[in-house]
$ cat input-v8.cif   # mmCIF, N, CA and C atoms
data_structure
#
loop_
_atom_site.label_atom_id
_atom_site.label_comp_id
_atom_site.auth_asym_id
_atom_site.auth_seq_id
_atom_site.Cartn_x
_atom_site.Cartn_y
_atom_site.Cartn_z
N MET A 1 13.47 -31.92 -18.57
CA MET A 1 12.83 -30.66 -18.89
C MET A 1 11.31 -30.78 -18.92
N ALA A 2 10.80 -32.01 -18.99
CA ALA A 2 9.35 -32.17 -18.95
C ALA A 2 8.80 -31.79 -17.59
N HIS A 3 9.69 -31.65 -16.62
CA HIS A 3 9.29 -31.27 -15.27
C HIS A 3 9.70 -29.83 -14.96
N ASP A 4 9.86 -29.03 -15.99
CA ASP A 4 10.26 -27.64 -15.82
C ASP A 4 9.25 -26.90 -14.95
N LYS A 5 9.73 -25.92 -14.20
CA LYS A 5 8.84 -25.14 -13.33
C LYS A 5 7.91 -24.24 -14.12
N GLU A 6 8.31 -23.88 -15.32
CA GLU A 6 7.46 -23.05 -16.19
C GLU A 6 6.57 -23.96 -17.03
N PRO A 7 5.27 -23.94 -16.83
CA PRO A 7 4.38 -24.85 -17.55
C PRO A 7 4.48 -24.75 -19.07
N GLU A 8 4.69 -23.54 -19.58
CA GLU A 8 4.78 -23.37 -21.04
C GLU A 8 6.00 -24.08 -21.59
N VAL A 9 7.11 -24.02 -20.85
CA VAL A 9 8.35 -24.69 -21.28
C VAL A 9 8.15 -26.20 -21.23
N ALA A 10 7.59 -26.69 -20.15
CA ALA A 10 7.35 -28.13 -20.01
C ALA A 10 6.41 -28.63 -21.11
N LEU A 11 5.40 -27.86 -21.44
CA LEU A 11 4.47 -28.24 -22.50
C LEU A 11 5.19 -28.34 -23.84
N GLU A 12 5.99 -27.35 -24.16
CA GLU A 12 6.75 -27.38 -25.42
C GLU A 12 7.71 -28.56 -25.46
N VAL A 13 8.34 -28.85 -24.34
CA VAL A 13 9.27 -29.99 -24.27
C VAL A 13 8.52 -31.30 -24.53
N LEU A 14 7.36 -31.46 -23.91
CA LEU A 14 6.58 -32.68 -24.11
C LEU A 14 6.14 -32.84 -25.56
N GLU A 15 5.71 -31.75 -26.17
CA GLU A 15 5.32 -31.82 -27.58
C GLU A 15 6.51 -32.16 -28.47
N LEU A 16 7.66 -31.58 -28.17
CA LEU A 16 8.88 -31.88 -28.93
C LEU A 16 9.30 -33.34 -28.75
N LEU A 17 9.25 -33.84 -27.52
CA LEU A 17 9.60 -35.24 -27.26
C LEU A 17 8.67 -36.20 -27.99
N THR A 18 7.39 -35.85 -28.05
CA THR A 18 6.43 -36.70 -28.77
C THR A 18 6.76 -36.73 -30.25
N GLU A 19 7.06 -35.58 -30.83
CA GLU A 19 7.41 -35.54 -32.25
C GLU A 19 8.73 -36.27 -32.52
N MET A 20 9.70 -36.11 -31.62
CA MET A 20 10.97 -36.84 -31.77
C MET A 20 10.73 -38.34 -31.74
N ASP A 21 9.88 -38.77 -30.82
CA ASP A 21 9.60 -40.20 -30.70
C ASP A 21 8.89 -40.74 -31.93
N ARG A 22 8.02 -39.93 -32.52
CA ARG A 22 7.33 -40.36 -33.73
C ARG A 22 8.28 -40.45 -34.92
N ALA A 23 9.16 -39.47 -35.03
CA ALA A 23 10.06 -39.41 -36.19
C ALA A 23 11.27 -40.32 -36.04
N LEU A 24 11.81 -40.41 -34.85
CA LEU A 24 13.03 -41.17 -34.60
C LEU A 24 12.81 -42.08 -33.40
N GLU A 25 12.27 -43.26 -33.64
CA GLU A 25 11.85 -44.13 -32.55
C GLU A 25 12.94 -44.41 -31.53
N GLU A 26 14.18 -44.43 -31.95
CA GLU A 26 15.25 -44.79 -31.04
C GLU A 26 15.98 -43.57 -30.46
N ALA A 27 15.42 -42.39 -30.66
CA ALA A 27 16.05 -41.17 -30.16
C ALA A 27 15.96 -41.07 -28.64
N LEU A 28 14.92 -41.66 -28.06
CA LEU A 28 14.72 -41.58 -26.61
C LEU A 28 14.95 -42.94 -25.97
N SER A 29 15.69 -42.93 -24.89
CA SER A 29 15.93 -44.18 -24.17
C SER A 29 14.71 -44.52 -23.31
N ALA A 30 14.70 -45.74 -22.80
CA ALA A 30 13.61 -46.15 -21.90
C ALA A 30 13.59 -45.27 -20.66
N GLU A 31 14.76 -44.88 -20.19
CA GLU A 31 14.82 -44.01 -19.01
C GLU A 31 14.28 -42.62 -19.32
N ASP A 32 14.57 -42.10 -20.52
CA ASP A 32 14.00 -40.81 -20.92
C ASP A 32 12.48 -40.87 -20.86
N CYS A 33 11.93 -41.95 -21.37
CA CYS A 33 10.47 -42.11 -21.40
C CYS A 33 9.90 -42.25 -20.00
N ARG A 34 10.58 -43.03 -19.16
CA ARG A 34 10.09 -43.22 -17.79
C ARG A 34 10.03 -41.90 -17.02
N SER A 35 10.87 -40.94 -17.40
CA SER A 35 10.82 -39.65 -16.71
C SER A 35 9.64 -38.80 -17.18
N VAL A 36 9.09 -39.11 -18.35
CA VAL A 36 7.96 -38.35 -18.90
C VAL A 36 6.62 -38.93 -18.43
N PHE A 37 6.53 -40.24 -18.33
CA PHE A 37 5.26 -40.90 -18.04
C PHE A 37 4.53 -40.36 -16.81
N PRO A 38 5.20 -40.09 -15.68
CA PRO A 38 4.46 -39.61 -14.50
C PRO A 38 3.77 -38.26 -14.69
N VAL A 39 4.13 -37.53 -15.73
CA VAL A 39 3.52 -36.22 -15.96
C VAL A 39 2.03 -36.36 -16.28
N VAL A 40 1.56 -37.56 -16.68
CA VAL A 40 0.13 -37.75 -16.93
C VAL A 40 -0.69 -37.56 -15.66
N PHE A 41 -0.05 -37.60 -14.50
CA PHE A 41 -0.77 -37.47 -13.24
C PHE A 41 -0.75 -36.06 -12.66
N VAL A 42 -0.18 -35.09 -13.38
CA VAL A 42 -0.13 -33.73 -12.85
C VAL A 42 -1.50 -33.07 -12.98
N SER A 43 -1.71 -32.03 -12.20
CA SER A 43 -3.02 -31.38 -12.19
C SER A 43 -3.22 -30.42 -13.36
N SER A 44 -2.15 -29.99 -14.02
CA SER A 44 -2.29 -29.13 -15.19
C SER A 44 -2.78 -29.96 -16.37
N ARG A 45 -4.00 -29.70 -16.81
CA ARG A 45 -4.57 -30.50 -17.88
C ARG A 45 -3.75 -30.44 -19.16
N ALA A 46 -3.24 -29.27 -19.51
CA ALA A 46 -2.45 -29.14 -20.74
C ALA A 46 -1.20 -30.03 -20.68
N LEU A 47 -0.50 -29.99 -19.56
CA LEU A 47 0.70 -30.83 -19.41
C LEU A 47 0.34 -32.31 -19.40
N ALA A 48 -0.70 -32.65 -18.65
CA ALA A 48 -1.11 -34.05 -18.57
C ALA A 48 -1.55 -34.57 -19.94
N THR A 49 -2.26 -33.76 -20.69
CA THR A 49 -2.70 -34.18 -22.03
C THR A 49 -1.51 -34.38 -22.96
N ALA A 50 -0.54 -33.48 -22.90
CA ALA A 50 0.66 -33.64 -23.73
C ALA A 50 1.41 -34.91 -23.33
N ALA A 51 1.51 -35.17 -22.03
CA ALA A 51 2.16 -36.40 -21.57
C ALA A 51 1.33 -37.63 -21.96
N GLY A 52 0.00 -37.48 -21.94
CA GLY A 52 -0.87 -38.57 -22.36
C GLY A 52 -0.66 -38.94 -23.82
N LYS A 53 -0.48 -37.95 -24.67
CA LYS A 53 -0.19 -38.22 -26.09
C LYS A 53 1.12 -38.97 -26.23
N PHE A 54 2.11 -38.55 -25.46
CA PHE A 54 3.41 -39.23 -25.49
C PHE A 54 3.25 -40.67 -25.00
N LEU A 55 2.56 -40.86 -23.88
CA LEU A 55 2.34 -42.19 -23.32
C LEU A 55 1.59 -43.08 -24.31
N PHE A 56 0.53 -42.54 -24.90
CA PHE A 56 -0.25 -43.33 -25.86
C PHE A 56 0.62 -43.76 -27.02
N HIS A 57 1.36 -42.82 -27.59
CA HIS A 57 2.19 -43.15 -28.74
C HIS A 57 3.27 -44.16 -28.38
N ARG A 58 3.89 -43.95 -27.25
CA ARG A 58 5.03 -44.78 -26.86
C ARG A 58 4.64 -46.17 -26.34
N LEU A 59 3.59 -46.27 -25.54
CA LEU A 59 3.27 -47.53 -24.88
C LEU A 59 1.92 -48.16 -25.22
N LEU A 60 0.94 -47.36 -25.53
CA LEU A 60 -0.43 -47.87 -25.57
C LEU A 60 -1.02 -48.07 -26.95
N ASP A 61 -0.48 -47.45 -27.97
CA ASP A 61 -1.07 -47.50 -29.31
C ASP A 61 -0.93 -48.91 -29.90
N PRO A 62 -2.04 -49.63 -30.06
CA PRO A 62 -1.96 -50.99 -30.60
C PRO A 62 -1.36 -51.04 -32.00
N GLN A 63 -1.54 -50.01 -32.80
CA GLN A 63 -0.96 -50.00 -34.14
C GLN A 63 0.56 -49.98 -34.07
N ARG A 64 1.11 -49.22 -33.17
CA ARG A 64 2.56 -49.16 -33.02
C ARG A 64 3.10 -50.48 -32.49
N ARG A 65 2.31 -51.14 -31.67
CA ARG A 65 2.74 -52.40 -31.07
C ARG A 65 2.51 -53.58 -32.01
N GLY A 66 2.00 -53.32 -33.22
CA GLY A 66 1.81 -54.37 -34.20
C GLY A 66 0.55 -55.20 -34.00
N ASN A 67 -0.41 -54.68 -33.26
CA ASN A 67 -1.63 -55.43 -32.98
C ASN A 67 -2.80 -54.98 -33.83
N GLY A 68 -2.58 -54.10 -34.77
CA GLY A 68 -3.67 -53.64 -35.63
C GLY A 68 -4.50 -52.57 -34.97
N PRO A 69 -5.28 -51.85 -35.77
CA PRO A 69 -6.04 -50.72 -35.25
C PRO A 69 -7.23 -51.11 -34.37
N GLY A 70 -7.73 -52.34 -34.48
CA GLY A 70 -8.94 -52.67 -33.76
C GLY A 70 -8.73 -53.43 -32.46
N ASP A 71 -7.49 -53.62 -32.05
CA ASP A 71 -7.23 -54.44 -30.88
C ASP A 71 -7.22 -53.62 -29.60
N ASN A 72 -8.39 -53.42 -29.03
CA ASN A 72 -8.46 -52.65 -27.79
C ASN A 72 -8.10 -53.47 -26.57
N ARG A 73 -8.10 -54.80 -26.69
CA ARG A 73 -7.68 -55.61 -25.54
C ARG A 73 -6.23 -55.28 -25.18
N SER A 74 -5.38 -55.22 -26.18
CA SER A 74 -3.97 -54.92 -25.89
C SER A 74 -3.84 -53.49 -25.34
N PHE A 75 -4.68 -52.57 -25.83
CA PHE A 75 -4.67 -51.21 -25.29
C PHE A 75 -5.03 -51.22 -23.81
N PHE A 76 -6.13 -51.89 -23.46
CA PHE A 76 -6.56 -51.92 -22.06
C PHE A 76 -5.55 -52.65 -21.18
N LEU A 77 -4.98 -53.74 -21.68
CA LEU A 77 -3.98 -54.47 -20.89
C LEU A 77 -2.75 -53.60 -20.64
N SER A 78 -2.30 -52.88 -21.66
CA SER A 78 -1.16 -51.98 -21.50
C SER A 78 -1.49 -50.84 -20.56
N LEU A 79 -2.69 -50.29 -20.69
CA LEU A 79 -3.12 -49.19 -19.83
C LEU A 79 -3.16 -49.64 -18.37
N VAL A 80 -3.77 -50.78 -18.13
CA VAL A 80 -3.86 -51.28 -16.76
C VAL A 80 -2.46 -51.61 -16.22
N GLY A 81 -1.61 -52.19 -17.06
CA GLY A 81 -0.25 -52.47 -16.63
C GLY A 81 0.48 -51.20 -16.21
N PHE A 82 0.35 -50.16 -17.03
CA PHE A 82 0.98 -48.88 -16.68
C PHE A 82 0.38 -48.33 -15.39
N PHE A 83 -0.94 -48.37 -15.28
CA PHE A 83 -1.64 -47.86 -14.11
C PHE A 83 -1.18 -48.56 -12.84
N LEU A 84 -1.07 -49.88 -12.89
CA LEU A 84 -0.66 -50.64 -11.71
C LEU A 84 0.81 -50.39 -11.36
N GLU A 85 1.66 -50.31 -12.39
CA GLU A 85 3.08 -50.05 -12.15
C GLU A 85 3.33 -48.66 -11.60
N SER A 86 2.46 -47.72 -11.92
CA SER A 86 2.66 -46.35 -11.47
C SER A 86 2.56 -46.23 -9.95
N GLY A 87 1.76 -47.10 -9.35
CA GLY A 87 1.56 -47.05 -7.90
C GLY A 87 0.70 -45.88 -7.45
N LEU A 88 0.13 -45.15 -8.38
CA LEU A 88 -0.70 -43.99 -8.05
C LEU A 88 -2.17 -44.33 -8.27
N HIS A 89 -2.64 -45.35 -7.61
CA HIS A 89 -3.98 -45.88 -7.85
C HIS A 89 -5.09 -44.91 -7.50
N GLU A 90 -4.83 -43.97 -6.63
CA GLU A 90 -5.87 -43.00 -6.28
C GLU A 90 -6.00 -41.91 -7.35
N HIS A 91 -5.12 -41.93 -8.35
CA HIS A 91 -5.15 -40.89 -9.38
C HIS A 91 -5.52 -41.42 -10.76
N GLY A 92 -6.32 -42.47 -10.79
CA GLY A 92 -6.73 -43.05 -12.07
C GLY A 92 -7.49 -42.08 -12.95
N ALA A 93 -8.25 -41.18 -12.35
CA ALA A 93 -9.00 -40.20 -13.14
C ALA A 93 -8.05 -39.29 -13.90
N TYR A 94 -6.92 -38.95 -13.30
CA TYR A 94 -5.94 -38.11 -14.00
C TYR A 94 -5.41 -38.83 -15.22
N LEU A 95 -5.13 -40.12 -15.08
CA LEU A 95 -4.61 -40.90 -16.20
C LEU A 95 -5.62 -40.94 -17.34
N VAL A 96 -6.86 -41.26 -17.04
CA VAL A 96 -7.90 -41.32 -18.07
C VAL A 96 -8.06 -39.96 -18.73
N ASP A 97 -8.10 -38.91 -17.92
CA ASP A 97 -8.26 -37.57 -18.47
C ASP A 97 -7.09 -37.19 -19.38
N SER A 98 -5.88 -37.59 -19.03
CA SER A 98 -4.72 -37.25 -19.85
C SER A 98 -4.76 -37.93 -21.21
N LEU A 99 -5.46 -39.05 -21.31
CA LEU A 99 -5.54 -39.80 -22.56
C LEU A 99 -6.81 -39.49 -23.36
N TRP A 100 -7.71 -38.72 -22.78
CA TRP A 100 -9.02 -38.52 -23.39
C TRP A 100 -8.95 -37.95 -24.80
N ASP A 101 -8.09 -36.97 -25.05
CA ASP A 101 -8.02 -36.34 -26.37
C ASP A 101 -7.44 -37.27 -27.43
N CYS A 102 -6.48 -38.11 -27.06
CA CYS A 102 -5.82 -38.94 -28.07
C CYS A 102 -6.36 -40.37 -28.12
N ALA A 103 -7.04 -40.82 -27.07
CA ALA A 103 -7.51 -42.20 -27.04
C ALA A 103 -8.93 -42.32 -26.50
N GLY A 104 -9.69 -41.25 -26.59
CA GLY A 104 -11.05 -41.26 -26.05
C GLY A 104 -11.92 -42.35 -26.63
N SER A 105 -11.82 -42.59 -27.93
CA SER A 105 -12.67 -43.63 -28.53
C SER A 105 -12.29 -45.01 -28.01
N ARG A 106 -11.02 -45.21 -27.75
CA ARG A 106 -10.59 -46.50 -27.18
C ARG A 106 -11.07 -46.63 -25.74
N LEU A 107 -10.99 -45.55 -24.98
CA LEU A 107 -11.43 -45.58 -23.59
C LEU A 107 -12.94 -45.80 -23.48
N ARG A 108 -13.68 -45.40 -24.51
CA ARG A 108 -15.14 -45.57 -24.51
C ARG A 108 -15.58 -46.90 -25.12
N ASP A 109 -14.66 -47.79 -25.39
CA ASP A 109 -14.99 -49.09 -25.97
C ASP A 109 -15.51 -50.00 -24.86
N TRP A 110 -16.78 -49.79 -24.50
CA TRP A 110 -17.37 -50.50 -23.37
C TRP A 110 -17.51 -51.99 -23.64
N ASP A 111 -17.72 -52.38 -24.88
CA ASP A 111 -17.86 -53.81 -25.19
C ASP A 111 -16.59 -54.56 -24.83
N THR A 112 -15.45 -54.03 -25.25
CA THR A 112 -14.17 -54.68 -24.93
C THR A 112 -13.89 -54.63 -23.44
N ALA A 113 -14.10 -53.46 -22.83
CA ALA A 113 -13.81 -53.31 -21.40
C ALA A 113 -14.66 -54.25 -20.56
N THR A 114 -15.96 -54.29 -20.82
CA THR A 114 -16.82 -55.16 -20.02
C THR A 114 -16.56 -56.63 -20.35
N GLY A 115 -16.25 -56.91 -21.61
CA GLY A 115 -15.90 -58.28 -21.99
C GLY A 115 -14.67 -58.77 -21.23
N MET A 116 -13.70 -57.90 -21.07
CA MET A 116 -12.50 -58.28 -20.32
C MET A 116 -12.83 -58.48 -18.84
N LEU A 117 -13.66 -57.61 -18.30
CA LEU A 117 -14.03 -57.73 -16.89
C LEU A 117 -14.83 -59.01 -16.63
N LEU A 118 -15.68 -59.36 -17.59
CA LEU A 118 -16.51 -60.55 -17.42
C LEU A 118 -15.80 -61.82 -17.84
N GLY A 119 -14.67 -61.68 -18.51
CA GLY A 119 -13.90 -62.85 -18.91
C GLY A 119 -14.14 -63.27 -20.34
N ASN A 120 -15.40 -63.38 -20.73
CA ASN A 120 -15.78 -63.81 -22.09
C ASN A 120 -14.90 -64.92 -22.64
N GLY A 121 -14.65 -65.92 -21.81
CA GLY A 121 -13.91 -67.10 -22.26
C GLY A 121 -12.41 -66.94 -22.28
N GLU A 122 -11.89 -65.80 -21.95
CA GLU A 122 -10.44 -65.60 -21.96
C GLU A 122 -9.94 -65.37 -20.55
N SER A 123 -8.76 -65.86 -20.31
CA SER A 123 -8.14 -65.67 -18.99
C SER A 123 -6.99 -64.69 -19.12
N TYR A 124 -7.01 -63.68 -18.29
CA TYR A 124 -5.93 -62.71 -18.25
C TYR A 124 -5.20 -62.90 -16.93
N THR A 125 -4.14 -63.67 -16.98
CA THR A 125 -3.41 -63.97 -15.75
C THR A 125 -2.55 -62.79 -15.34
N GLY A 126 -2.36 -62.69 -14.06
CA GLY A 126 -1.49 -61.66 -13.52
C GLY A 126 -2.13 -60.29 -13.40
N ILE A 127 -3.42 -60.19 -13.61
CA ILE A 127 -4.09 -58.90 -13.53
C ILE A 127 -4.88 -58.83 -12.24
N ASN A 128 -4.74 -57.75 -11.54
CA ASN A 128 -5.53 -57.50 -10.35
C ASN A 128 -6.86 -56.92 -10.83
N TRP A 129 -7.91 -57.72 -10.82
CA TRP A 129 -9.19 -57.33 -11.41
C TRP A 129 -9.84 -56.18 -10.66
N ASP A 130 -9.60 -56.07 -9.37
CA ASP A 130 -10.14 -54.93 -8.63
C ASP A 130 -9.55 -53.64 -9.16
N LYS A 131 -8.23 -53.62 -9.39
CA LYS A 131 -7.56 -52.42 -9.90
C LYS A 131 -8.01 -52.15 -11.33
N LEU A 132 -8.19 -53.21 -12.13
CA LEU A 132 -8.66 -53.03 -13.51
C LEU A 132 -10.03 -52.37 -13.51
N GLY A 133 -10.92 -52.86 -12.67
CA GLY A 133 -12.26 -52.28 -12.59
C GLY A 133 -12.20 -50.84 -12.14
N MET A 134 -11.33 -50.54 -11.18
CA MET A 134 -11.20 -49.18 -10.69
C MET A 134 -10.68 -48.27 -11.80
N GLY A 135 -9.69 -48.73 -12.56
CA GLY A 135 -9.13 -47.92 -13.64
C GLY A 135 -10.13 -47.68 -14.75
N LEU A 136 -10.86 -48.72 -15.13
CA LEU A 136 -11.87 -48.56 -16.18
C LEU A 136 -13.03 -47.73 -15.69
N GLY A 137 -13.33 -47.81 -14.41
CA GLY A 137 -14.43 -47.03 -13.84
C GLY A 137 -14.19 -45.54 -13.94
N HIS A 138 -12.92 -45.12 -13.93
CA HIS A 138 -12.63 -43.69 -14.07
C HIS A 138 -13.05 -43.19 -15.45
N GLY A 139 -12.93 -44.03 -16.47
CA GLY A 139 -13.39 -43.64 -17.80
C GLY A 139 -14.88 -43.44 -17.83
N ASP A 140 -15.61 -44.26 -17.08
CA ASP A 140 -17.07 -44.13 -17.00
C ASP A 140 -17.44 -42.78 -16.42
N ARG A 141 -16.76 -42.34 -15.37
CA ARG A 141 -17.07 -41.05 -14.77
C ARG A 141 -16.75 -39.91 -15.73
N ASP A 142 -15.69 -40.06 -16.54
CA ASP A 142 -15.37 -38.99 -17.50
C ASP A 142 -16.46 -38.88 -18.55
N VAL A 143 -16.98 -40.00 -19.01
CA VAL A 143 -18.01 -39.98 -20.04
C VAL A 143 -19.29 -39.35 -19.51
N THR A 144 -19.66 -39.67 -18.28
CA THR A 144 -20.91 -39.16 -17.73
C THR A 144 -20.78 -37.76 -17.17
N GLY A 145 -19.54 -37.26 -17.08
CA GLY A 145 -19.31 -35.93 -16.57
C GLY A 145 -19.19 -35.87 -15.08
N GLU A 146 -19.30 -37.00 -14.41
CA GLU A 146 -19.15 -37.02 -12.95
C GLU A 146 -17.67 -37.10 -12.60
N ARG A 147 -17.28 -36.49 -11.52
CA ARG A 147 -15.87 -36.53 -11.06
C ARG A 147 -15.84 -36.94 -9.63
#
$ encode --input "input-v8.cif" --output "structure tokens"
Amino acid sequence: MAHDKEPEVALEVLELLTEMDRALEEALSAEDCRSVFPVVFVSSRALATAAGKFLFHRLLDPQRRGNGPGDNRSFFLSLVGFFLESGLHEHGAYLVDSLWDCAGSRLRDWDTATGMLLGNGESYTGINWDKLGMGLGHGDRDVTGER
């Protein structure tokens, strides 16, 4: 139903699914969630933002993952992992925009983002650094207002 033809219905469904996931963590299966995640790439900002809140809560929130409130490395690693798995690399701006309302302060954490890109003594194996830079670069354009 998150893919309903009526945007208002799809929006309500996404908000309901987010609340269900917050209240009853095991109410939604992994497959249920996988069907919602691609909605962050739709052109309707309201739908994408609602899906972004769901995605953030379900996959990206370091507090939910047990990493504490200040761990943006795990946030960025999860974000990049999702971005790369999506296969929609040309739509990184949509992903960043969908998360802007719920994770904007994390997306603007330039110290962590640049530290990860520069390495700062840590090795992140298995990451395609070109794709990471491209994904983080979309956040830069959102902050500066360029599209």
$ residues_around --input "input-v8.cif" --residues "stretch 21-29 of chain A" --least-positions-apart "5" --cutoff "8 Å" --atoms "all atoms listed in the file" --output "list in words"
Glu15, Leu16, Arg34, Ser35, His57 and Arg58 of chain A
$ write_last_selection --input "input-v8.cif" --atoms "N, CA and C atoms" --output "tab-separated table (two decimals), in the frame of the given file"
chain	number	residue	atom	x	y	z
A	15	GLU	N	5.71	-31.75	-26.17
A	15	GLU	CA	5.32	-31.82	-27.58
A	15	GLU	C	6.51	-32.16	-28.47
A	16	LEU	N	7.66	-31.58	-28.17
A	16	LEU	CA	8.88	-31.88	-28.93
A	16	LEU	C	9.30	-33.34	-28.75
A	34	ARG	N	10.58	-43.03	-19.16
A	34	ARG	CA	10.09	-43.22	-17.79
A	34	ARG	C	10.03	-41.90	-17.02
A	35	SER	N	10.87	-40.94	-17.40
A	35	SER	CA	10.82	-39.65	-16.71
A	35	SER	C	9.64	-38.80	-17.18
A	57	HIS	N	1.36	-42.82	-27.59
A	57	HIS	CA	2.19	-43.15	-28.74
A	57	HIS	C	3.27	-44.16	-28.38
A	58	ARG	N	3.89	-43.95	-27.25
A	58	ARG	CA	5.03	-44.78	-26.86
A	58	ARG	C	4.64	-46.17	-26.34
$ closest_residue --input "input-v8.cif" --among "A:Glu19, A:Asp101, A:Asp61, A:Asp111" --to "A:Leu79" --atoms "only C-alpha atoms"
A:Asp61
$ resolve_selection --input "input-v8.cif" --expression "the PyMOL selection byres ((chain A and resi 36) around 8)" --output "MDAnalysis selection string"
chainID A and resid 2:3 14 30:35 37:41 51:52 54:55
$ closest_residue --input "input-v8.cif" --among "A:Arg73, A:Gln63, A:Val80, A:Ala50" --to "A:Met116" --atoms "only N, CA and C atoms"
A:Arg73
$ closest_residue --input "input-v8.cif" --among "A:Ser98, A:Ser86, A:Asn72, A:Ser44" --to "A:Phe56" --atoms "only N, CA and C atoms"
A:Ser98
$ closest_residue --input "input-v8.cif" --among "A:Gly104, A:Trp110, A:Gly87, A:Tyr94" --to "A:Val42" --atoms "only N, CA and C atoms"
A:Tyr94
$ atom_distance --input "input-v8.cif" --atom1 "atom N of A:Leu88" --atom2 "atom C of A:Ala48"
15.8 Å
$ atom_distance --input "input-v8.cif" --atom1 "atom CA of A:Phe82" --atom2 "atom C of A:Leu60"
10.5 Å
$ atom_distance --input "input-v8.cif" --atom1 "atom CA of A:Ala10" --atom2 "atom CA of A:Glu90"
24.2 Å
$ decode --input "input-v8.cif" --residues "stretch 12-61 of chain A" --atoms "C-alpha atoms" --output "compact mmCIF listing (two decimals), in the first residue's frame"
# COMPACT_ATOMS: atom_id res chain seq x y z
CA GLU A 12 -0.94 7.78 5.38
CA VAL A 13 0.24 4.18 4.95
CA LEU A 14 3.89 5.21 5.31
CA GLU A 15 3.16 7.22 8.44
CA LEU A 16 1.20 4.30 9.90
CA LEU A 17 3.99 1.83 9.07
CA THR A 18 6.54 4.11 10.74
CA GLU A 19 4.44 4.31 13.90
CA MET A 20 3.87 0.53 13.86
CA ASP A 21 7.60 -0.03 13.53
CA ARG A 22 8.32 2.30 16.44
CA ALA A 23 5.72 0.74 18.72
CA LEU A 24 6.02 -2.91 17.68
CA GLU A 25 9.49 -3.59 16.31
CA GLU A 26 8.63 -7.08 15.11
CA ALA A 27 5.32 -6.17 13.47
CA LEU A 28 6.96 -5.73 10.06
CA SER A 29 9.01 -8.37 8.32
CA ALA A 30 12.23 -7.62 6.47
CA GLU A 31 10.33 -8.07 3.22
CA ASP A 32 7.67 -5.56 4.32
CA CYS A 33 10.44 -3.05 4.95
CA ARG A 34 12.22 -3.77 1.67
CA SER A 35 9.02 -2.85 -0.16
CA VAL A 36 8.95 0.56 1.56
CA PHE A 37 12.60 1.57 1.21
CA PRO A 38 12.54 2.36 -2.56
CA VAL A 39 9.86 5.00 -1.94
CA VAL A 40 12.67 7.35 -0.78
CA PHE A 41 13.54 7.73 -4.47
CA VAL A 42 10.11 8.90 -5.67
CA SER A 43 9.67 12.43 -6.95
CA SER A 44 6.86 13.31 -4.52
CA ARG A 45 8.68 15.02 -1.68
CA ALA A 46 5.96 14.24 0.88
CA LEU A 47 6.06 10.51 0.08
CA ALA A 48 9.85 10.43 -0.07
CA THR A 49 10.13 12.25 3.26
CA ALA A 50 7.70 9.84 4.92
CA ALA A 51 9.69 6.90 3.51
CA GLY A 52 12.90 8.61 4.65
CA LYS A 53 11.60 8.73 8.22
CA PHE A 54 10.78 5.05 8.00
CA LEU A 55 14.21 4.24 6.53
CA PHE A 56 16.01 6.32 9.15
CA HIS A 57 14.14 4.70 12.02
CA ARG A 58 14.44 1.19 10.66
CA LEU A 59 18.01 1.12 9.29
CA LEU A 60 20.01 4.27 9.90
CA ASP A 61 19.34 5.54 13.43
